[in-house]
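Engineer: Okay, handing you the structure first.
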Amino acid sequence: MHALLESVARSLESRRLLPKDGRILVAVSGGMDSMVLLHVLHTLAPGLALRLTLAHAHHQLRPRAADADEALVRRVAADMELPVFVERLDVRRRSVETGESLEMAGRHLRHDFLARTAAGLGIPVIALAHHADDQAELILLRLLRGTGGEGLGGMPWRNPSPSNPEIHLIRPLLGFTRSQLRNAAHSAGVPYREDRSNRDTRILRNRIRHQLLPHLERAYAPAIRNLLRRTGSIVGAEAEFVSQWAEKWLAARRREPFHELHPAVQRAVLRLQVRQMGHEPGYERIESLRESEVVQELAPGLRIVRETDGTVRKVDPVSPPPFAKERCQFKLMKAGGAISFDGVRVTYAYRDVGRRAAGFRPGLECFSAAAVGTSIVLRHWLPGDRFQPLGMSRAAKLQDLLTNRRIPREHRRSLAVAATREGEIFWVEGLPPGEQFKMGPGVRRCLLWKWRSGA
């Protein structure tokens, strides 16, 4: 424990993690990591002039176990004669309301509680117990989900709270592994509780911790955790440099032309501007902005465009046109034929299954002829339409599907829709074909559907 205390003290000072007034809100869950953090900071407090306050979030997901966690935190706080603030968070309710996982809902509510408590007490810094193994797990988790240099950089030693940028988060234990902290807890007799949910492998992070990382250590790279942390440190520093370059470019009066910037800097320039609008852009959004100057819908009611000079600006919302009422019913001929409908031209033909497959390409679909039938209706999207694209397990509101495809509102109502005589939609212009009309076992005849707009 003595070596850990010395190392943490050096990190607090060399990395400038301490606030000038020494006031720190310590997030304490009752688990091993946070209890060691509390013990370390409390031991160092006299020499570093620290003034500690505890905060405990009760997630109400494990009633009896969570009550015991709270009781432990309150008891230790009383023994140390430190103030403690406890709040019960309705994680399950937020998860239902937002569609977030329980883990993500808990994270958001926890950060809100900590930042609100710190701001209300005038405390500028919140200490979190993340450690080196957490860092390796996070980097691998982000890599599996897809991320850029910023994500691979992992957690910094200090950064603004996501709930209040005026409050900063510090991670004094980021240089220690879980086993080092456990050894320190046992040697110093630090009390803590085990959270059984940390072994629930239905949660991706837990599968990474208990299954993937151990497998990588055994079969591929015994030092995988160190390698991940090292990679994160290198990539994170490089991403930070690119971001700083982008900030300087945006602030400059005379700029290098946007199209002459390195693609990495272009992405950072666009990402910074979109974030200033209150949105976190994904890779596809950034690439779309970088490669074209087409108006895009960032969120309902928020349309943006990237100008030639690299600046991103909001575009005045356009009122969508009224729903088009054009509607035509067609009888499909056995010999095939052509159909024109409000700017869309469709040519169709039938082919027996087993003959040479068609050269499928954009604008050419293949449906089960029996499922479609011989009488169809071509029309435009209408309120209440539902559609099940290929690969989806159930039908969804067509409005939601078009929104997810980032199709501008003013274009959606002009898209052509094809439905069976019974009213089931099997094709929507620009979307995958209908799941219930796909080719599969038992389908003997294919309806080839070739279309192009602007006809």
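Lettering and numbering for the structure tokens are positional, with chains as A, B, ... in the shown order, residues counted from 1 in each chain, and ligands counted from 1 in the shown order.
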Identify, on the basis of only C-alpha atoms, every residue whose closest approach to Ala338 (chain A) does not exceed 8 Å; exclude the query and any residue fewer than 4 positions from it along the same chain; express the result as a list of chain:residue names.

Structural biologist: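 These residues fall inside the cut-off: A:Arg345, A:Val346, A:Thr347, A:Tyr348.
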
Engineer: For the residues in the current selection, export C-alpha atoms as an mmCIF file, in the first residue's frame.

Structural biologist:
```cif
data_model
loop_
_atom_site.group_PDB
_atom_site.id
_atom_site.type_symbol
_atom_site.label_atom_id
_atom_site.label_comp_id
_atom_site.auth_asym_id
_atom_site.auth_seq_id
_atom_site.Cartn_x
_atom_site.Cartn_y
_atom_site.Cartn_z
ATOM 1 C CA ARG A 345 -40.157 3.988 -64.472
ATOM 2 C CA VAL A 346 -40.345 0.289 -63.636
ATOM 3 C CA THR A 347 -39.707 -2.570 -66.016
ATOM 4 C CA TYR A 348 -40.549 -6.050 -64.819
#
```

Engineer: Just want the 12 Å neighbourhood of Asp385 (chain A), counted on only C-alpha atoms, with same-chain residues fewer than 6 positions away dropped. Output as a list in words.

Structural biologist: Arg379, Ala395, Ala396, Lys397, Leu398, Gln399, Asp400, Leu401, Leu402, Arg413, Val417, Ala418, Ala419, Gly423, Glu424, Ile425, Phe426 and Val428 of chain A

Engineer: Which residue is closest to Ser29 (chain A)? Choose from A:Ile286, A:Ala55, A:Ala251, A:Ala3 and count only C-alpha atoms.

Structural biologist: A:Ala55

Engineer: Which residues are close to region 70-83 of chain A, i.e. within 12 Å by only C-alpha atoms, leaving aside same-chain residues fewer than 3 positions away? Reply as number ranges by chain.

Structural biologist: A: 24-32, 34-36, 38-39, 41-43, 45, 50-60, 62-67, 86-88, 121, 190-194

Engineer: Hey, what's within 12 Å of Ser288 (chain A) if we count only C-alpha atoms and toss same-chain stuff fewer than 3 positions away? As a short mmCIF file (atom, residue, chain, number, x, y, z; two decimals) with C-alpha atoms, in the first residue's frame, please?

Structural biologist:
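Saved file out-v5.cif follows:
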```
data_model
loop_
_atom_site.label_atom_id
_atom_site.label_comp_id
_atom_site.auth_asym_id
_atom_site.auth_seq_id
_atom_site.Cartn_x
_atom_site.Cartn_y
_atom_site.Cartn_z
CA GLN A 266 -10.84 17.51 -42.32
CA ARG A 267 -12.67 14.96 -40.18
CA LEU A 270 -16.17 18.75 -39.18
CA ARG A 271 -16.50 16.78 -35.94
CA PRO A 281 -21.46 12.58 -35.28
CA GLY A 282 -20.67 9.05 -36.39
CA TYR A 283 -18.17 8.01 -39.05
CA GLU A 284 -20.74 7.89 -41.87
CA ARG A 285 -22.00 11.39 -41.08
CA GLU A 291 -17.11 14.27 -49.45
CA SER A 292 -20.09 16.38 -50.50
CA GLU A 293 -21.82 19.71 -50.07
CA VAL A 294 -25.31 18.23 -50.00
CA VAL A 295 -27.83 19.35 -47.38
CA GLN A 296 -28.20 16.67 -44.70
CA GLU A 297 -30.65 16.15 -41.86
CA LEU A 298 -28.66 15.89 -38.63
CA ILE A 304 -26.88 21.17 -42.10
CA VAL A 305 -24.54 21.63 -45.04
CA ARG A 306 -20.77 21.76 -45.40
CA ARG A 406 -31.16 10.38 -43.51
#
```

Engineer: Per residue of region 155-230 of chain A within 6 Å of region 124-139 of chain A, record the nearest atom pair and its distance in Å to one decimal, counting only C-alpha atoms, with rows in chain order and ascending residue number, as a tab-separated table.

Structural biologist:
```
residue	atom	partner	partner_atom	distance
A:Ile167	CA	A:Pro124	CA	5.1
A:His168	CA	A:Val125	CA	4.9
A:Leu169	CA	A:Ile126	CA	4.8
A:Ile170	CA	A:Ala127	CA	4.9
A:Arg171	CA	A:Leu128	CA	5.2
A:Leu173	CA	A:His131	CA	5.1
A:Leu174	CA	A:His131	CA	4.0
A:Gly175	CA	A:Ala132	CA	5.5
A:Phe176	CA	A:Ala132	CA	5.2
A:Thr177	CA	A:Ala132	CA	4.9
A:Arg225	CA	A:Ala136	CA	5.5
A:Leu228	CA	A:Ala136	CA	5.5
A:Arg229	CA	A:Ala136	CA	5.5
```

Engineer: Give me, as a list of chain:residue names, all polymer residues having an atom no more than 10 Å from Cys366 (chain A), counting only C-alpha atoms and skipping those fewer than 3 positions away in the same chain.

Structural biologist: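 My list of contacting residues is A:Tyr348, A:Ala349, A:Tyr350, A:Arg351, A:Ala358, A:Phe360, A:Ala369, A:Pro433, A:Phe437, A:Lys438, A:Met439, A:Arg445, A:Cys446, A:Leu447, A:Leu448, A:Trp449, A:Lys450.
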
Engineer: Interatomic distance between CA of His279 (chain A) and CA of Met392 (chain A)?

Structural biologist: 27.0 Å

Engineer: Write out as a PyMOL selection string the set of residues from region 134-367 of chain A that DSSP, computed on the backbone, places in strand (DSSP E or B).

Structural biologist: chain A and resi 158-160+168-170+296-299+302-306+312-315+327-331+337-341+344-353+355+364-367

Engineer: From region 108-293 of chain A, collect each residue whose DSSP state is helix (DSSP H, G or I) and return the set as a CSV table (one decimal) with N, CA and C atoms, in the first residue's frame.

Structural biologist:
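Saved file result.csv follows:
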```csv
chain,number,residue,atom,x,y,z
A,108,HIS,N,-25.4,7.6,-17.4
A,108,HIS,CA,-25.9,9.0,-17.6
A,108,HIS,C,-26.5,9.6,-16.3
A,109,LEU,N,-27.3,8.8,-15.6
A,109,LEU,CA,-27.9,9.3,-14.4
A,109,LEU,C,-26.8,9.5,-13.3
A,110,ARG,N,-25.8,8.6,-13.3
A,110,ARG,CA,-24.8,8.7,-12.3
A,110,ARG,C,-23.9,10.0,-12.5
A,111,HIS,N,-23.6,10.2,-13.8
A,111,HIS,CA,-22.8,11.4,-14.1
A,111,HIS,C,-23.6,12.7,-13.7
A,112,ASP,N,-24.9,12.7,-14.0
A,112,ASP,CA,-25.8,13.8,-13.7
A,112,ASP,C,-25.8,14.1,-12.2
A,113,PHE,N,-25.9,13.0,-11.4
A,113,PHE,CA,-26.0,13.1,-10.0
A,113,PHE,C,-24.7,13.7,-9.4
A,114,LEU,N,-23.5,13.1,-9.9
A,114,LEU,CA,-22.2,13.5,-9.4
A,114,LEU,C,-22.0,15.0,-9.7
A,115,ALA,N,-22.2,15.4,-11.0
A,115,ALA,CA,-22.0,16.8,-11.4
A,115,ALA,C,-22.9,17.7,-10.7
A,116,ARG,N,-24.2,17.3,-10.5
A,116,ARG,CA,-25.1,18.2,-9.8
A,116,ARG,C,-24.7,18.4,-8.3
A,117,THR,N,-24.3,17.3,-7.7
A,117,THR,CA,-23.8,17.4,-6.3
A,117,THR,C,-22.6,18.3,-6.2
A,118,ALA,N,-21.6,18.0,-7.1
A,118,ALA,CA,-20.4,18.8,-7.0
A,118,ALA,C,-20.7,20.3,-7.2
A,119,ALA,N,-21.5,20.6,-8.2
A,119,ALA,CA,-21.8,22.0,-8.5
A,119,ALA,C,-22.5,22.7,-7.3
A,120,GLY,N,-23.5,21.9,-6.7
A,120,GLY,CA,-24.2,22.5,-5.6
A,120,GLY,C,-23.4,22.8,-4.4
A,121,LEU,N,-22.3,22.0,-4.2
A,121,LEU,CA,-21.4,22.2,-3.1
A,121,LEU,C,-20.2,23.1,-3.4
A,132,ALA,N,-6.2,0.7,-14.6
A,132,ALA,CA,-5.6,0.3,-15.9
A,132,ALA,C,-6.4,-0.8,-16.6
A,133,ASP,N,-6.9,-1.7,-15.9
A,133,ASP,CA,-7.7,-2.8,-16.6
A,133,ASP,C,-9.0,-2.2,-17.2
A,134,ASP,N,-9.6,-1.3,-16.5
A,134,ASP,CA,-10.8,-0.6,-17.0
A,134,ASP,C,-10.4,0.0,-18.4
A,135,GLN,N,-9.2,0.6,-18.4
A,135,GLN,CA,-8.8,1.3,-19.6
A,135,GLN,C,-8.6,0.3,-20.8
A,136,ALA,N,-8.0,-0.8,-20.5
A,136,ALA,CA,-7.8,-1.8,-21.6
A,136,ALA,C,-9.1,-2.3,-22.1
A,137,GLU,N,-10.0,-2.6,-21.1
A,137,GLU,CA,-11.4,-3.1,-21.5
A,137,GLU,C,-12.1,-2.1,-22.3
A,138,LEU,N,-12.0,-0.8,-22.0
A,138,LEU,CA,-12.7,0.2,-22.7
A,138,LEU,C,-12.2,0.4,-24.1
A,139,ILE,N,-10.9,0.3,-24.3
A,139,ILE,CA,-10.3,0.5,-25.6
A,139,ILE,C,-10.7,-0.7,-26.5
A,140,LEU,N,-10.7,-1.9,-26.0
A,140,LEU,CA,-11.2,-3.0,-26.7
A,140,LEU,C,-12.7,-3.0,-27.1
A,141,LEU,N,-13.4,-2.5,-26.1
A,141,LEU,CA,-14.9,-2.4,-26.3
A,141,LEU,C,-15.2,-1.4,-27.4
A,142,ARG,N,-14.5,-0.2,-27.4
A,142,ARG,CA,-14.7,0.8,-28.4
A,142,ARG,C,-14.2,0.3,-29.8
A,143,LEU,N,-13.1,-0.5,-29.8
A,143,LEU,CA,-12.6,-1.0,-31.0
A,143,LEU,C,-13.6,-2.0,-31.7
A,144,LEU,N,-14.3,-2.8,-30.8
A,144,LEU,CA,-15.3,-3.7,-31.4
A,144,LEU,C,-16.5,-3.0,-31.9
A,145,ARG,N,-16.8,-1.9,-31.3
A,145,ARG,CA,-18.0,-1.1,-31.7
A,145,ARG,C,-17.7,-0.2,-32.8
A,149,GLY,N,-9.6,7.7,-33.5
A,149,GLY,CA,-8.4,7.9,-32.6
A,149,GLY,C,-8.8,8.4,-31.2
A,150,GLU,N,-9.8,9.2,-31.2
A,150,GLU,CA,-10.3,9.7,-29.9
A,150,GLU,C,-10.8,8.6,-29.0
A,151,GLY,N,-11.6,7.7,-29.6
A,151,GLY,CA,-12.1,6.6,-28.8
A,151,GLY,C,-11.0,5.6,-28.4
A,152,LEU,N,-10.1,5.4,-29.3
A,152,LEU,CA,-9.0,4.4,-28.9
A,152,LEU,C,-8.1,5.0,-27.9
A,178,ARG,N,-6.1,-4.0,-11.7
A,178,ARG,CA,-7.1,-4.5,-10.7
A,178,ARG,C,-6.5,-5.4,-9.7
A,179,SER,N,-5.5,-6.2,-10.1
A,179,SER,CA,-4.9,-7.1,-9.1
A,179,SER,C,-4.0,-6.3,-8.1
A,180,GLN,N,-3.4,-5.2,-8.6
A,180,GLN,CA,-2.6,-4.4,-7.7
A,180,GLN,C,-3.5,-3.7,-6.6
A,181,LEU,N,-4.7,-3.2,-7.1
A,181,LEU,CA,-5.6,-2.6,-6.1
A,181,LEU,C,-6.2,-3.6,-5.2
A,182,ARG,N,-6.4,-4.8,-5.6
A,182,ARG,CA,-6.9,-5.9,-4.7
A,182,ARG,C,-5.9,-6.2,-3.7
A,183,ASN,N,-4.6,-6.3,-4.1
A,183,ASN,CA,-3.6,-6.6,-3.1
A,183,ASN,C,-3.5,-5.5,-2.1
A,184,ALA,N,-3.6,-4.3,-2.6
A,184,ALA,CA,-3.5,-3.1,-1.6
A,184,ALA,C,-4.6,-3.2,-0.7
A,185,ALA,N,-5.9,-3.5,-1.1
A,185,ALA,CA,-7.0,-3.5,-0.3
A,185,ALA,C,-6.8,-4.6,0.8
A,186,HIS,N,-6.4,-5.8,0.4
A,186,HIS,CA,-6.2,-6.8,1.4
A,186,HIS,C,-5.1,-6.5,2.4
A,187,SER,N,-4.0,-5.9,2.0
A,187,SER,CA,-2.9,-5.6,2.9
A,187,SER,C,-3.3,-4.5,3.9
A,188,ALA,N,-4.1,-3.6,3.4
A,188,ALA,CA,-4.5,-2.5,4.3
A,188,ALA,C,-5.8,-2.7,5.0
A,196,ARG,N,-22.2,-8.6,-7.9
A,196,ARG,CA,-22.4,-9.8,-8.7
A,196,ARG,C,-22.7,-9.5,-10.2
A,197,SER,N,-23.3,-8.3,-10.4
A,197,SER,CA,-23.7,-7.9,-11.8
A,197,SER,C,-22.4,-7.8,-12.7
A,198,ASN,N,-21.3,-7.6,-12.0
A,198,ASN,CA,-20.0,-7.4,-12.8
A,198,ASN,C,-19.6,-8.8,-13.5
A,199,ARG,N,-20.3,-9.9,-13.1
A,199,ARG,CA,-20.0,-11.2,-13.7
A,199,ARG,C,-21.1,-11.6,-14.7
A,204,LEU,N,-21.9,-6.8,-22.6
A,204,LEU,CA,-20.7,-6.9,-23.4
A,204,LEU,C,-19.4,-6.6,-22.7
A,205,ARG,N,-19.4,-5.6,-21.9
A,205,ARG,CA,-18.2,-5.2,-21.2
A,205,ARG,C,-17.7,-6.4,-20.3
A,206,ASN,N,-18.7,-7.1,-19.7
A,206,ASN,CA,-18.3,-8.2,-18.8
A,206,ASN,C,-17.8,-9.4,-19.6
A,207,ARG,N,-18.4,-9.6,-20.8
A,207,ARG,CA,-17.9,-10.7,-21.7
A,207,ARG,C,-16.4,-10.4,-22.1
A,208,ILE,N,-16.1,-9.1,-22.4
A,208,ILE,CA,-14.7,-8.7,-22.7
A,208,ILE,C,-13.8,-9.0,-21.5
A,209,ARG,N,-14.3,-8.6,-20.3
A,209,ARG,CA,-13.5,-8.8,-19.1
A,209,ARG,C,-13.2,-10.2,-18.7
A,210,HIS,N,-14.3,-11.1,-18.8
A,210,HIS,CA,-14.1,-12.4,-18.3
A,210,HIS,C,-13.9,-13.5,-19.3
A,211,GLN,N,-14.1,-13.1,-20.6
A,211,GLN,CA,-14.0,-14.1,-21.7
A,211,GLN,C,-13.0,-13.7,-22.7
A,212,LEU,N,-13.2,-12.6,-23.3
A,212,LEU,CA,-12.3,-12.2,-24.5
A,212,LEU,C,-10.9,-11.9,-24.1
A,213,LEU,N,-10.7,-11.0,-23.1
A,213,LEU,CA,-9.4,-10.7,-22.7
A,213,LEU,C,-8.6,-11.9,-22.2
A,214,PRO,N,-9.1,-12.7,-21.3
A,214,PRO,CA,-8.4,-13.9,-20.8
A,214,PRO,C,-8.0,-14.8,-22.0
A,215,HIS,N,-9.0,-14.9,-23.0
A,215,HIS,CA,-8.7,-15.8,-24.2
A,215,HIS,C,-7.5,-15.2,-25.0
A,216,LEU,N,-7.5,-13.9,-25.2
A,216,LEU,CA,-6.4,-13.2,-25.9
A,216,LEU,C,-5.1,-13.4,-25.2
A,217,GLU,N,-5.1,-13.3,-23.8
A,217,GLU,CA,-3.9,-13.5,-23.0
A,217,GLU,C,-3.4,-14.9,-23.2
A,218,ARG,N,-4.3,-15.9,-23.1
A,218,ARG,CA,-3.8,-17.3,-23.2
A,218,ARG,C,-3.3,-17.7,-24.6
A,219,ALA,N,-4.1,-17.3,-25.6
A,219,ALA,CA,-3.9,-17.8,-26.9
A,219,ALA,C,-3.1,-16.9,-27.9
A,224,ILE,N,-1.5,-8.5,-23.5
A,224,ILE,CA,-2.5,-7.8,-24.3
A,224,ILE,C,-3.0,-6.5,-23.6
A,225,ARG,N,-3.2,-6.6,-22.3
A,225,ARG,CA,-3.7,-5.4,-21.6
A,225,ARG,C,-2.7,-4.3,-21.6
A,226,ASN,N,-1.4,-4.5,-21.5
A,226,ASN,CA,-0.4,-3.5,-21.6
A,226,ASN,C,-0.3,-3.0,-23.0
A,227,LEU,N,-0.5,-3.9,-24.0
A,227,LEU,CA,-0.4,-3.5,-25.4
A,227,LEU,C,-1.6,-2.5,-25.7
A,228,LEU,N,-2.8,-2.9,-25.2
A,228,LEU,CA,-4.0,-2.0,-25.4
A,228,LEU,C,-3.8,-0.7,-24.8
A,229,ARG,N,-3.3,-0.6,-23.6
A,229,ARG,CA,-3.1,0.6,-22.9
A,229,ARG,C,-2.0,1.5,-23.7
A,230,ARG,N,-1.0,0.8,-24.1
A,230,ARG,CA,0.1,1.5,-24.8
A,230,ARG,C,-0.4,2.1,-26.2
A,231,THR,N,-1.2,1.3,-26.9
A,231,THR,CA,-1.8,1.7,-28.1
A,231,THR,C,-2.7,2.9,-27.9
A,232,GLY,N,-3.5,2.8,-26.8
A,232,GLY,CA,-4.4,3.9,-26.5
A,232,GLY,C,-3.7,5.2,-26.2
A,233,SER,N,-2.6,5.1,-25.5
A,233,SER,CA,-1.8,6.3,-25.2
A,233,SER,C,-1.3,6.9,-26.4
A,234,ILE,N,-0.7,6.1,-27.3
A,234,ILE,CA,-0.1,6.6,-28.6
A,234,ILE,C,-1.2,7.2,-29.5
A,235,VAL,N,-2.2,6.4,-29.8
A,235,VAL,CA,-3.3,6.9,-30.7
A,235,VAL,C,-4.0,8.1,-30.1
A,236,GLY,N,-4.3,8.1,-28.8
A,236,GLY,CA,-5.0,9.2,-28.2
A,236,GLY,C,-4.2,10.5,-28.3
A,237,ALA,N,-2.9,10.4,-28.1
A,237,ALA,CA,-2.0,11.6,-28.2
A,237,ALA,C,-2.0,12.1,-29.6
A,238,GLU,N,-2.0,11.2,-30.6
A,238,GLU,CA,-2.0,11.7,-32.0
A,238,GLU,C,-3.4,12.3,-32.4
A,239,ALA,N,-4.4,11.7,-31.9
A,239,ALA,CA,-5.8,12.2,-32.1
A,239,ALA,C,-5.9,13.6,-31.5
A,240,GLU,N,-5.4,13.8,-30.3
A,240,GLU,CA,-5.4,15.1,-29.6
A,240,GLU,C,-4.7,16.1,-30.4
A,241,PHE,N,-3.5,15.7,-31.0
A,241,PHE,CA,-2.7,16.6,-31.8
A,241,PHE,C,-3.5,17.1,-33.1
A,242,VAL,N,-4.2,16.1,-33.7
A,242,VAL,CA,-5.0,16.4,-34.9
A,242,VAL,C,-6.2,17.3,-34.5
A,243,SER,N,-6.8,17.1,-33.4
A,243,SER,CA,-7.9,17.9,-32.9
A,243,SER,C,-7.4,19.3,-32.6
A,244,GLN,N,-6.2,19.5,-32.0
A,244,GLN,CA,-5.7,20.8,-31.8
A,244,GLN,C,-5.4,21.5,-33.1
A,245,TRP,N,-4.9,20.8,-34.1
A,245,TRP,CA,-4.6,21.4,-35.4
A,245,TRP,C,-5.9,21.9,-36.0
A,246,ALA,N,-7.0,21.1,-35.9
A,246,ALA,CA,-8.3,21.5,-36.4
A,246,ALA,C,-8.8,22.7,-35.7
A,247,GLU,N,-8.6,22.8,-34.4
A,247,GLU,CA,-9.1,24.0,-33.6
A,247,GLU,C,-8.4,25.2,-34.1
A,248,LYS,N,-7.0,25.1,-34.3
A,248,LYS,CA,-6.3,26.3,-34.8
A,248,LYS,C,-6.7,26.7,-36.2
A,249,TRP,N,-7.0,25.7,-37.0
A,249,TRP,CA,-7.5,26.0,-38.4
A,249,TRP,C,-8.8,26.8,-38.3
A,250,LEU,N,-9.7,26.3,-37.5
A,250,LEU,CA,-11.0,27.0,-37.4
A,250,LEU,C,-10.9,28.4,-36.8
A,251,ALA,N,-9.9,28.6,-36.0
A,251,ALA,CA,-9.8,29.9,-35.3
A,251,ALA,C,-9.0,30.9,-36.2
A,258,PHE,N,-9.8,24.1,-47.4
A,258,PHE,CA,-10.3,22.9,-46.7
A,258,PHE,C,-9.9,21.7,-47.6
A,259,HIS,N,-10.1,21.8,-48.9
A,259,HIS,CA,-9.8,20.6,-49.7
A,259,HIS,C,-8.4,20.2,-49.7
A,260,GLU,N,-7.5,21.1,-49.3
A,260,GLU,CA,-6.0,20.7,-49.2
A,260,GLU,C,-5.6,20.2,-47.9
A,263,PRO,N,-7.0,14.4,-44.8
A,263,PRO,CA,-8.3,13.9,-44.4
A,263,PRO,C,-8.6,13.8,-42.9
A,264,ALA,N,-7.5,13.5,-42.1
A,264,ALA,CA,-7.7,13.4,-40.7
A,264,ALA,C,-8.1,14.7,-40.1
A,265,VAL,N,-7.5,15.8,-40.6
A,265,VAL,CA,-7.8,17.1,-40.1
A,265,VAL,C,-9.1,17.5,-40.6
A,266,GLN,N,-9.5,17.2,-41.8
A,266,GLN,CA,-10.8,17.5,-42.3
A,266,GLN,C,-11.9,16.9,-41.4
A,267,ARG,N,-11.7,15.6,-41.0
A,267,ARG,CA,-12.7,15.0,-40.2
A,267,ARG,C,-12.8,15.7,-38.8
A,268,ALA,N,-11.6,16.0,-38.3
A,268,ALA,CA,-11.6,16.7,-37.0
A,268,ALA,C,-12.3,18.1,-37.0
A,269,VAL,N,-12.1,18.8,-38.1
A,269,VAL,CA,-12.7,20.1,-38.3
A,269,VAL,C,-14.2,20.0,-38.4
A,270,LEU,N,-14.7,19.0,-39.1
A,270,LEU,CA,-16.2,18.8,-39.2
A,270,LEU,C,-16.7,18.3,-37.9
A,271,ARG,N,-16.0,17.3,-37.2
A,271,ARG,CA,-16.5,16.8,-35.9
A,271,ARG,C,-16.7,17.9,-34.9
A,272,LEU,N,-15.7,18.8,-34.8
A,272,LEU,CA,-15.7,19.9,-33.8
A,272,LEU,C,-17.0,20.8,-34.1
A,273,GLN,N,-17.3,21.0,-35.3
A,273,GLN,CA,-18.4,21.9,-35.6
A,273,GLN,C,-19.7,21.3,-35.4
A,274,VAL,N,-19.8,20.0,-35.7
A,274,VAL,CA,-21.1,19.3,-35.4
A,274,VAL,C,-21.3,19.2,-33.9
A,275,ARG,N,-20.2,18.9,-33.1
A,275,ARG,CA,-20.4,18.8,-31.7
A,275,ARG,C,-20.9,20.2,-31.1
A,276,GLN,N,-20.4,21.3,-31.7
A,276,GLN,CA,-20.9,22.6,-31.2
A,276,GLN,C,-22.4,22.8,-31.4
A,283,TYR,N,-19.1,8.0,-37.9
A,283,TYR,CA,-18.2,8.0,-39.1
A,283,TYR,C,-18.9,8.3,-40.4
A,284,GLU,N,-20.0,7.7,-40.6
A,284,GLU,CA,-20.7,7.9,-41.9
A,284,GLU,C,-21.1,9.3,-42.1
A,285,ARG,N,-21.6,10.0,-41.0
A,285,ARG,CA,-22.0,11.4,-41.1
A,285,ARG,C,-20.8,12.3,-41.5
A,286,ILE,N,-19.7,12.1,-40.8
A,286,ILE,CA,-18.5,12.9,-41.1
A,286,ILE,C,-18.0,12.7,-42.5
A,287,GLU,N,-18.0,11.4,-42.9
A,287,GLU,CA,-17.5,11.1,-44.3
A,287,GLU,C,-18.5,11.8,-45.3
A,288,SER,N,-19.8,11.7,-45.1
A,288,SER,CA,-20.7,12.3,-46.0
A,288,SER,C,-20.5,13.8,-46.1
A,289,LEU,N,-20.3,14.5,-44.9
A,289,LEU,CA,-20.1,15.9,-45.0
A,289,LEU,C,-18.7,16.2,-45.7
A,290,ARG,N,-17.7,15.4,-45.4
A,290,ARG,CA,-16.4,15.6,-46.0
A,290,ARG,C,-16.4,15.5,-47.5
A,291,GLU,N,-17.2,14.6,-48.0
A,291,GLU,CA,-17.1,14.3,-49.5
A,291,GLU,C,-18.1,15.0,-50.3
```

Engineer: Between A:Thr420, A:Gln436, A:Thr311, A:Asn404, which has the minimum distance to Gln388 (chain A) (counting only C-alpha atoms)?

Structural biologist: A:Gln436

Engineer: Pick out the closest residue to Ala68 (chain A) from this set: A:Asp195, A:Thr147, A:Arg421, A:Ala335. Count only C-alpha atoms.

Structural biologist: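 Smallest distance to Ala68 (chain A) is found for A:Asp195.
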